[in-house]
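Participant: First, the structure itself, so that you have it in front of you.
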Amino acid sequence: MTALNSGRVVATFGKHCLVQADQAIVDCVSRGRKADIACGDAVEFKLTSPGHGVVERVQPRRNLLYRSDPFKIKYFAANLDQVLVVTAVEPGLNENLINRCLVAAQAAGIPACIVLNKADLPQTQELHAYLKAYEAIGYPVILVSAKRDVTPLLPRLIGKTSVLIGPSGVGKSTLVNALVPEADVRTAEISRALNAGRHTTTHTRLYELPQGGALIDSPGMQEFGLHHLDLAGLQAAFPEFHRLIGQCRFYNCRHLKEPDCAITAAAATGAILPERLRAYQVLVEERLAAEQLHK
Ligand SMILES: Nc1nc2c(ncn2[C@@H]2O[C@H](COP(=O)(O)OP(=O)(O)OP(=O)(O)O)[C@@H](O)[C@H]2O)c(=O)[nH]1
Ligand SMILES: [Zn+2]
């Protein structure tokens, strides 16, 4: 019988994943369904031939960041210390998507912060000022320029496992290249191992940081479903709502159009950021529509 080896998943692509074990990278397939393995997973695998193997077991996860539509779950990464939600004036603040990222992190119990990239571009200051409202909720905002200076981000990364998520074009890959020397070489190595060719940009990769810690780059997304969260889960994922829960007229208020809702009242005065309430309501409406479909 072949002995089991252990390692960490450093890339996922289709049915394949790459497992870093000691100094070697092994191209593995999963025994289970392909969606069962996430970047950052600690796994046990069996070698089937030199450089190739089968994942036999995924170690219990500390946490798992994922999104979902009515049909499937899509993993971002597992065993994370923090989620870095990246935004930039170019292509612009996609507040709905940013909030979905924050909600997913909150629901998974992972601390999140917002990385405002492209600080070298004009209008960044204005966006930075706007994002103070997110800082007040508890999401620190870190201003960087992947092209000029990423040092403000460094102290937050050292010794931690972090994932970069956000829409296409905000500069996630550029950030990785600035933070991980030889990231290009690593990417080429991973592509070769996966034989992924032109698809190389569509998978999730983990890079070890020279200062200690790891950085995971995920492909940019346009959609971010959170169908796995019910109304209680959604409500819990908005920390600024917590102090008001129980103060609405109806004990089971959904904070949509109910009269005397403490949360809509707070959004009207600006005590709660109106965009956050809107993001919550859209998520609730999506969830209710999905529940109707399944009735
Ligand atoms: N001015 C400026 N441009 C930047 C900065 N960082 C990235 N860019 C540019 O923004 C564009 C998108 O950068 P990428 O790193 O490919 O963005 P991404 O988030 O990885 O995009 P996906 O791979 O589609 O998810 C590129 O043209 C970069 O050169 C920055 O700090 N300042
Ligand atoms: Zn209410």
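Chain lettering (A, B, ...) mirrors the order of the structure tokens, residue numbering begins at 1 for each chain separately, and ligand numbering begins at 1 in order of display.
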Contacts between range 271-290 of chain A and range 48-164 of chain A, please, where a residue of range 48-164 of chain A counts if it comes within 12 Å (with only C-alpha atoms); show its shortest atom pair and distance in Å to one decimal, rows by chain and ascending number, as a Markdown table.
Facilitator:
```
| residue | atom | partner | partner_atom | distance |
| --- | --- | --- | --- | --- |
| A:Ser68 | CA | A:Arg287 | CA | 11.5 |
| A:Asp69 | CA | A:Ala290 | CA | 9.6 |
| A:Pro70 | CA | A:Ala290 | CA | 7.3 |
| A:Phe71 | CA | A:Ala290 | CA | 10.8 |
| A:Asn94 | CA | A:Glu275 | CA | 11.1 |
| A:Glu95 | CA | A:Glu275 | CA | 7.6 |
| A:Asn96 | CA | A:Ala279 | CA | 5.9 |
| A:Leu97 | CA | A:Ala279 | CA | 8.8 |
| A:Ile98 | CA | A:Ala279 | CA | 9.6 |
| A:Asn99 | CA | A:Ala279 | CA | 6.7 |
| A:Arg100 | CA | A:Ala279 | CA | 7.7 |
| A:Cys101 | CA | A:Ala279 | CA | 11.1 |
| A:Leu102 | CA | A:Arg276 | CA | 10.6 |
| A:Val103 | CA | A:Tyr280 | CA | 9.1 |
| A:Ala104 | CA | A:Leu283 | CA | 11.5 |
| A:Tyr130 | CA | A:Leu273 | CA | 10.4 |
| A:Leu131 | CA | A:Leu273 | CA | 10.5 |
| A:Lys132 | CA | A:Leu273 | CA | 10.7 |
| A:Ala133 | CA | A:Leu273 | CA | 7.1 |
| A:Tyr134 | CA | A:Leu273 | CA | 8.5 |
| A:Glu135 | CA | A:Leu273 | CA | 11.5 |
| A:Ala136 | CA | A:Leu273 | CA | 10.0 |
| A:Ile137 | CA | A:Ile272 | CA | 9.0 |
```
Participant: Per residue of chain A within 8 Å of ligand 2, note the shortest atom pair and the distance in Å to one decimal, counting only C-alpha atoms and all ligand atoms, and order the rows by chain and increasing residue number, as CSV.
Facilitator:
```
residue,atom,partner,partner_atom_place_in_ligand_line,distance
A:Ile245,CA,ligand 2,1 (Zn),7.5
A:Gln247,CA,ligand 2,1 (Zn),7.5
A:Cys248,CA,ligand 2,1 (Zn),4.7
A:Arg249,CA,ligand 2,1 (Zn),7.3
A:Phe250,CA,ligand 2,1 (Zn),7.2
A:Asn252,CA,ligand 2,1 (Zn),7.9
A:Cys253,CA,ligand 2,1 (Zn),4.5
A:Arg254,CA,ligand 2,1 (Zn),5.5
A:His255,CA,ligand 2,1 (Zn),3.7
A:Leu256,CA,ligand 2,1 (Zn),7.1
A:Glu258,CA,ligand 2,1 (Zn),6.6
A:Pro259,CA,ligand 2,1 (Zn),8.0
A:Asp260,CA,ligand 2,1 (Zn),7.1
A:Cys261,CA,ligand 2,1 (Zn),3.6
A:Ala262,CA,ligand 2,1 (Zn),5.2
A:Ile263,CA,ligand 2,1 (Zn),5.2
A:Thr264,CA,ligand 2,1 (Zn),6.5
```
Participant: Output as an MDAnalysis selection string all residues of range 72-255 of chain A that backbone DSSP marks as alpha helix (DSSP H).
Facilitator: chainID A and resid 95:107 124:130 132:137 154:157 172:179 183:194 231:236
Participant: Can you tell me which residues sit at most 12 Å away from ligand 1, counting only C-alpha atoms and all ligand atoms, written as a PyMOL selection string?
Facilitator: chain A and resi 84-92+115-124+143-150+164-179+199-205+216-222
Participant: Smallest atom-to-atom distance to Glu44 in chain A: which of A:Val58, A:Leu127, A:Ala268, A:Val29, using only C-alpha atoms?
Facilitator: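 Among A:Val58, A:Leu127, A:Ala268, A:Val29, it is A:Val58 that comes nearest to Glu44 in chain A.
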Participant: Report the distance between CA of Ala11 in chain A and CA of His228 in chain A in Å, rounded to one decimal place.
Facilitator: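 We find that CA of Ala11 in chain A and CA of His228 in chain A lie 24.3 Å from each other.
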Participant: DSSP on the backbone: which residues in range 74-142 of chain A end up as strand (DSSP E or B)? Give the answer as an MDAnalysis selection string.
Facilitator: chainID A and resid 74:78 82:88 112:117 141:142
Participant: Can you list, as a list in words, every protein, DNA or RNA residue that comes within 8 Å of Cys113 in chain A when you count only C-alpha atoms, leaving out same-chain residues fewer than 3 positions away?
Facilitator: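 Here the qualifying residues turn out to be Gln82, Val83, Leu84, Val85, Tyr139, Pro140, Val141 and Ile142 of chain A.
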Participant: With N, CA and C atoms retained, write the just-selected residues as a CSV table (one decimal), in the first residue's frame.
Facilitator:
```
chain,number,residue,atom,x,y,z
A,82,GLN,N,-7.7,36.2,7.0
A,82,GLN,CA,-8.4,37.5,6.6
A,82,GLN,C,-8.7,37.5,5.2
A,83,VAL,N,-9.7,38.3,4.9
A,83,VAL,CA,-10.2,38.5,3.5
A,83,VAL,C,-9.9,39.9,3.1
A,84,LEU,N,-9.2,40.1,2.0
A,84,LEU,CA,-8.9,41.4,1.5
A,84,LEU,C,-9.8,41.7,0.3
A,85,VAL,N,-10.7,42.6,0.5
A,85,VAL,CA,-11.7,42.9,-0.6
A,85,VAL,C,-11.1,44.1,-1.3
A,139,TYR,N,-14.6,47.6,9.1
A,139,TYR,CA,-13.7,47.1,8.0
A,139,TYR,C,-12.6,48.1,7.7
A,140,PRO,N,-11.4,47.8,8.2
A,140,PRO,CA,-10.3,48.8,7.9
A,140,PRO,C,-10.1,49.0,6.4
A,141,VAL,N,-9.8,50.2,6.0
A,141,VAL,CA,-9.5,50.5,4.6
A,141,VAL,C,-8.0,50.8,4.4
A,142,ILE,N,-7.4,50.1,3.5
A,142,ILE,CA,-5.9,50.2,3.3
A,142,ILE,C,-5.7,50.8,1.9
```
Participant: Nearest to Ile158 in chain A among A:Ala183, A:Ala237, A:Ala214, A:Val55, with distances taken over only C-alpha atoms: which residue is it?
Facilitator: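 Closest to Ile158 in chain A of all the choices is A:Ala214.
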Participant: Which residue gives the smallest distance to Arg243 in chain A among A:Ile190, A:Ala266, A:Asp81, A:Gln106, with only C-alpha atoms counted?
Facilitator: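 That would be A:Ala266, the residue with the smallest distance to Arg243 in chain A.
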Participant: If I take CA of Arg57 in chain A and CA of Thr161 in chain A, how far is one from the other in Å, to one decimal?
Facilitator: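 Here the two named atoms are 21.2 Å from each other.
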Participant: What's the 8 Å shell around Phe76 in chain A, counting only C-alpha atoms, without same-chain residues fewer than 3 positions away, as a PyMOL selection string?
Facilitator: chain A and resi 38-39+64-67+204+218
Participant: Output the selection as a PDB file, in the first residue's frame - N, CA and C atoms for each residue.
Facilitator:
```pdb
ATOM      1  N   ALA A  38     -10.463  23.142  -1.766  1.00  0.00           N
ATOM      2  CA  ALA A  38     -10.271  24.587  -1.867  1.00  0.00           C
ATOM      3  C   ALA A  38      -8.795  24.919  -1.722  1.00  0.00           C
ATOM      4  N   CYS A  39      -8.409  26.022  -2.326  1.00  0.00           N
ATOM      5  CA  CYS A  39      -7.057  26.519  -2.156  1.00  0.00           C
ATOM      6  C   CYS A  39      -6.847  26.801  -0.666  1.00  0.00           C
ATOM      7  N   LEU A  64     -14.056  28.493   5.689  1.00  0.00           N
ATOM      8  CA  LEU A  64     -14.140  28.326   4.234  1.00  0.00           C
ATOM      9  C   LEU A  64     -14.890  29.512   3.655  1.00  0.00           C
ATOM     10  N   LEU A  65     -14.264  30.200   2.712  1.00  0.00           N
ATOM     11  CA  LEU A  65     -14.921  31.331   2.054  1.00  0.00           C
ATOM     12  C   LEU A  65     -15.481  30.842   0.726  1.00  0.00           C
ATOM     13  N   TYR A  66     -16.783  31.045   0.527  1.00  0.00           N
ATOM     14  CA  TYR A  66     -17.373  30.581  -0.729  1.00  0.00           C
ATOM     15  C   TYR A  66     -18.571  31.415  -1.114  1.00  0.00           C
ATOM     16  N   ARG A  67     -18.970  31.261  -2.363  1.00  0.00           N
ATOM     17  CA  ARG A  67     -20.199  31.884  -2.828  1.00  0.00           C
ATOM     18  C   ARG A  67     -21.063  30.793  -3.428  1.00  0.00           C
ATOM     19  N   THR A 204      -7.537  29.787  -8.843  1.00  0.00           N
ATOM     20  CA  THR A 204      -7.111  30.395  -7.592  1.00  0.00           C
ATOM     21  C   THR A 204      -5.729  29.856  -7.224  1.00  0.00           C
ATOM     22  N   SER A 218      -7.536  35.273  -6.314  1.00  0.00           N
ATOM     23  CA  SER A 218      -8.684  34.582  -6.905  1.00  0.00           C
ATOM     24  C   SER A 218      -9.102  35.302  -8.177  1.00  0.00           C
TER      25      SER A 218
END
```
